[in-house]
Amino acid sequence: MEALLAAFENTADVYVLLMMLVGIVVGLLIGVIPGLGGLATLALLLPFAYGMEAAPALALIIGAYSALYFGGSISAILLNTPGTGEQVVTAMDGYPMSRQGMGARAIGASATSTALGGVFGACLMLATIPFIRTIIVYVRPPEMFVLSLIGVAAIGVVSSSKVSKGILAGLLGLILSFIGYDPINGIPRYTFGQLTLYDGLGVTAMTLGLFAIGEMIFLFTRGKAIADASQFEMSREQGRSVLDGVKDTFRNIRTVFEGGAIGALVGVIPGLGGTVAMFFSYARARQRSKDPESFGKGNVIGVIAAEAAANAKESGSFVPTIAFGIPGSSGMAIFIGIFLILGLAPGREMLTVNLHVTYYIAIVIALTSVGASAIGLILAMPMARIAHVRPEILAPVIIAVSVVGSYIRPQLFTAVLIAFAAGVFGYFLKILGYSRAGVILGFIMGPLVERYLFLSIQAYGPGFMLRPLTILTLVLGVLFVSGPYLRRQFDSFRRRLAA
Amino acid sequence: MTSTKRNLELFGTAFFLAIAVAAIVLAFAFPPASRIVPTAIGVAMIVVALFQFVTILLTQPTANVDSDESDEEEDPESGPGVVLLLNSRTRKRTTIIIIFSAMLIGLIPLVGYPLAIGTFLLVSLLTTDALPKWGAVVCASAGFTVVYALFTLLLELEPFTGLAFDFY
């Protein structure tokens, strides 16, 4: 209870509220631009975490992350160009509504259901904390070692085109993390005598390079406008009844709660992704509907179901990230880096001495979900114009921010070079279908993996892997990571049998 | 998969293999306690990359054309299909032989990289057209590294496991 009160106290600070507002505006603006996405946004905001206390830094970054979804929904509904890629489900009914002159109504429904879904997800997150606290007591370094490795593999597997590519991405991240001082023995490794590499490649430079610069190279090589301007001319003729959309949402409150629950549940399972959550929720709403044929042709319930799941999913993703250091989504991989920069280690501490921070995160998610929807409703139409920005204008701005961001912390030019090298590398990883999130998570988790291994050997000897709980964690983890592959094999076997 | 895409995938995987091999080779310069984790991760990376490399290598590429013909499935019962199947089997067998032979050579004490890779380059040049030459070298060096690194790792783990393992 004390932790909850402390969390509310932190939230009530004017500076924190201001940072939330800034984060929301930044998130909405970036979210509406198709192609940039949540990972690039988190990467761009990462350097700001250095100069701030934990509370305002988290308010800024979570604010932006929550607002991204609604920003993406605006371009999905008005332009049929999902801002973050995941809003493809929203566009299925949102864009047809827009074509029928009900764009404002769709945006109203989207804003309200996103906000309610976010609040619902945050409440579920708060409710699960006491349950997880009872489990975390039994989790020791050997289990954390196994969980760290599984987390790296899981995020890579689910965000790559092939299982082997995902695992390779995670392992590469681990190898890159070994550059610099060995955290246990203090021996410099893979530095080639370069003093500037003694502290490692740096999370900021690597994240900015892989995501922001890499994404810009990708956009730039496409060489065309992100969205078609003619679509917007049409969307300006939309109806103006935002309030109708708000009323629609409250009339279908059961869909919102179902979507929120589905989103939060899918979010807890590492790597299933926002699109899956939104599709599940959409499918459930369609299944319950008396008029399923109208879905995909401009049914407002389709928009409500998809949007309610979107933000709730992120609250769910925070649960395994905070409790076990296993990221629930690609964005959470970067969040682990942000936590570490802020001096917060995911795991037991976040549920004991830093419990107030965990509660604070849930509160910020709820507040920023509501704030993003309110501000987004006011700015929706002007913001949709931003989607037409050409990569020639966007890329130099993002690259300039990335250069400054990578330089800030170590104050070394080497960091800028590392960011650019990581950018080129990130571009190739993207076109070859390897998970950049897997690489960055491996990079962030590398020192932790080594530390947990060292602690496990020190405490339990070389037989630490034979602890019953460690074996159970390992078996469950391997099943989880290989699940998609095994399912594909099983399906193909069944098809062959049927044939 | 078109042959361009296949070559790109092969190049990507070979790059990952090269990084893993380099990580293991460079790790020999570190003291034992600092070497264990990078070596273990490097070995894991080689195993996964090798699996992926062989999978891609055994995939029969389609022609680089934009027409719909490239998407059509080959009929395994037809003449060319049988030839392709035979080729695939030969390549599979050759790849497996090369990897396992490389692993065996890795077991021989004091065999260095140049000798191991040179041997396989010679063998692959003389005996078979079933694999691209550089594919054979990649498979050989990766297979050799896995065994070499694993045994070295067992040596390094002696202080922790108490198992005296002086194979080399």
# chains A, B, ... in the order shown; residues from 1 in each chain; ligands from 1
>>> interface_residues(of="chain B", to="chain A", cutoff="9 Å", atoms="only C-alpha atoms", output="list in words")
Leu8, Glu9, Gly12, Thr13, Phe16, Ile19, Ala20, Ala23, Leu26, Ala27, Ala29, Phe30, Pro31, Ala33, Ser34, Arg35, Val37, Pro38, Ile41, Gly42, Ala44, Met45, Ile46, Val48, Ala49, Phe51, Gln52, Phe160 and Thr161 of chain B
>>> write_last_selection(atoms="C-alpha atoms", output="JSON list (two decimals), in the first residue's frame")
[["chain", "number", "residue", "atom", "x", "y", "z"],
["B", 8, "LEU", "CA", 21.88, -13.38, -50.23],
["B", 9, "GLU", "CA", 20.68, -15.72, -47.48],
["B", 12, "GLY", "CA", 24.11, -13.50, -44.50],
["B", 13, "THR", "CA", 24.53, -16.85, -42.75],
["B", 16, "PHE", "CA", 27.16, -14.87, -38.87],
["B", 19, "ILE", "CA", 31.63, -13.63, -36.62],
["B", 20, "ALA", "CA", 31.19, -16.70, -34.41],
["B", 23, "ALA", "CA", 34.80, -14.58, -31.62],
["B", 26, "LEU", "CA", 39.99, -14.19, -30.54],
["B", 27, "ALA", "CA", 38.73, -15.54, -27.21],
["B", 29, "ALA", "CA", 43.75, -14.61, -26.06],
["B", 30, "PHE", "CA", 41.71, -14.10, -22.86],
["B", 31, "PRO", "CA", 42.31, -15.74, -19.48],
["B", 33, "ALA", "CA", 37.58, -17.41, -16.75],
["B", 34, "SER", "CA", 36.84, -14.62, -19.24],
["B", 35, "ARG", "CA", 36.82, -17.00, -22.18],
["B", 37, "VAL", "CA", 30.95, -17.59, -21.97],
["B", 38, "PRO", "CA", 32.08, -16.05, -25.29],
["B", 41, "ILE", "CA", 27.96, -18.54, -27.17],
["B", 42, "GLY", "CA", 30.24, -18.73, -30.22],
["B", 44, "ALA", "CA", 26.03, -22.20, -30.08],
["B", 45, "MET", "CA", 26.06, -19.60, -32.84],
["B", 46, "ILE", "CA", 28.11, -21.82, -35.13],
["B", 48, "VAL", "CA", 22.65, -22.73, -35.39],
["B", 49, "ALA", "CA", 24.28, -20.91, -38.31],
["B", 51, "PHE", "CA", 22.14, -25.71, -39.52],
["B", 52, "GLN", "CA", 20.72, -22.69, -41.34],
["B", 160, "PHE", "CA", 34.57, -25.68, -12.06],
["B", 161, "THR", "CA", 33.77, -29.29, -12.93]]
>>> residues_around(residues="region 22-33 of chain A", least_positions_apart="6", cutoff="6 Å", atoms="only C-alpha atoms", output="PyMOL selection string")
chain A and resi 60+63-64+67-68+71-72+75+83+372+387
>>> residues_around(residues="region 403-411 of chain A", least_positions_apart="3", cutoff="8 Å", atoms="only C-alpha atoms", output="MDAnalysis selection string")
chainID A and resid 44 46:48 50 204:205 208 399:400 415:416 419
>>> select_by_dssp(residues="region 60-282 of chain A", states="helix (DSSP H, G or I)", output="number ranges by chain")
A: 60-79, 88-99, 103-136, 141-158, 163-177, 195-197, 203-222, 229-235, 242-251, 253-268, 274-282
>>> closest_residue(among="A:Glu314, A:Asp93, A:Glu2, A:Glu215", to="Thr114 (chain A)", atoms="only C-alpha atoms")
A:Glu314
>>> residues_around(residues="Phe144 (chain B)", least_positions_apart="2", cutoff="7 Å", atoms="only C-alpha atoms", output="list in words")
Ala102, Met103, Ile105, Gly106, Ala140, Ser141, Ala142, Val146, Val147 and Tyr148 of chain B
>>> write_last_selection(atoms="C-alpha atoms", output="mmCIF file, in the first residue's frame")
data_model
loop_
_atom_site.group_PDB
_atom_site.id
_atom_site.type_symbol
_atom_site.label_atom_id
_atom_site.label_comp_id
_atom_site.auth_asym_id
_atom_site.auth_seq_id
_atom_site.Cartn_x
_atom_site.Cartn_y
_atom_site.Cartn_z
ATOM 1 C CA ALA B 102 35.840 -31.687 -40.209
ATOM 2 C CA MET B 103 34.637 -32.506 -36.713
ATOM 3 C CA ILE B 105 39.823 -33.687 -37.835
ATOM 4 C CA GLY B 106 39.069 -31.300 -34.974
ATOM 5 C CA ALA B 140 34.428 -27.524 -42.942
ATOM 6 C CA SER B 141 35.764 -24.605 -40.912
ATOM 7 C CA ALA B 142 32.561 -24.329 -38.904
ATOM 8 C CA VAL B 146 32.716 -26.493 -33.075
ATOM 9 C CA VAL B 147 34.729 -29.534 -31.991
ATOM 10 C CA TYR B 148 37.917 -27.581 -31.307
#
>>> atom_distance(atom1="CA of Lys313 (chain A)", atom2="CA of Gln87 (chain A)")
13.0 Å
>>> atom_distance(atom1="CA of Ile398 (chain A)", atom2="CA of Ala40 (chain A)")
9.4 Å
>>> atom_distance(atom1="CA of Thr2 (chain B)", atom2="CA of Phe53 (chain B)")
15.8 Å
>>> closest_residue(among="B:Gly143, B:Pro32, B:Thr55, B:Ile99", to="Arg6 (chain B)", atoms="only C-alpha atoms")
B:Thr55
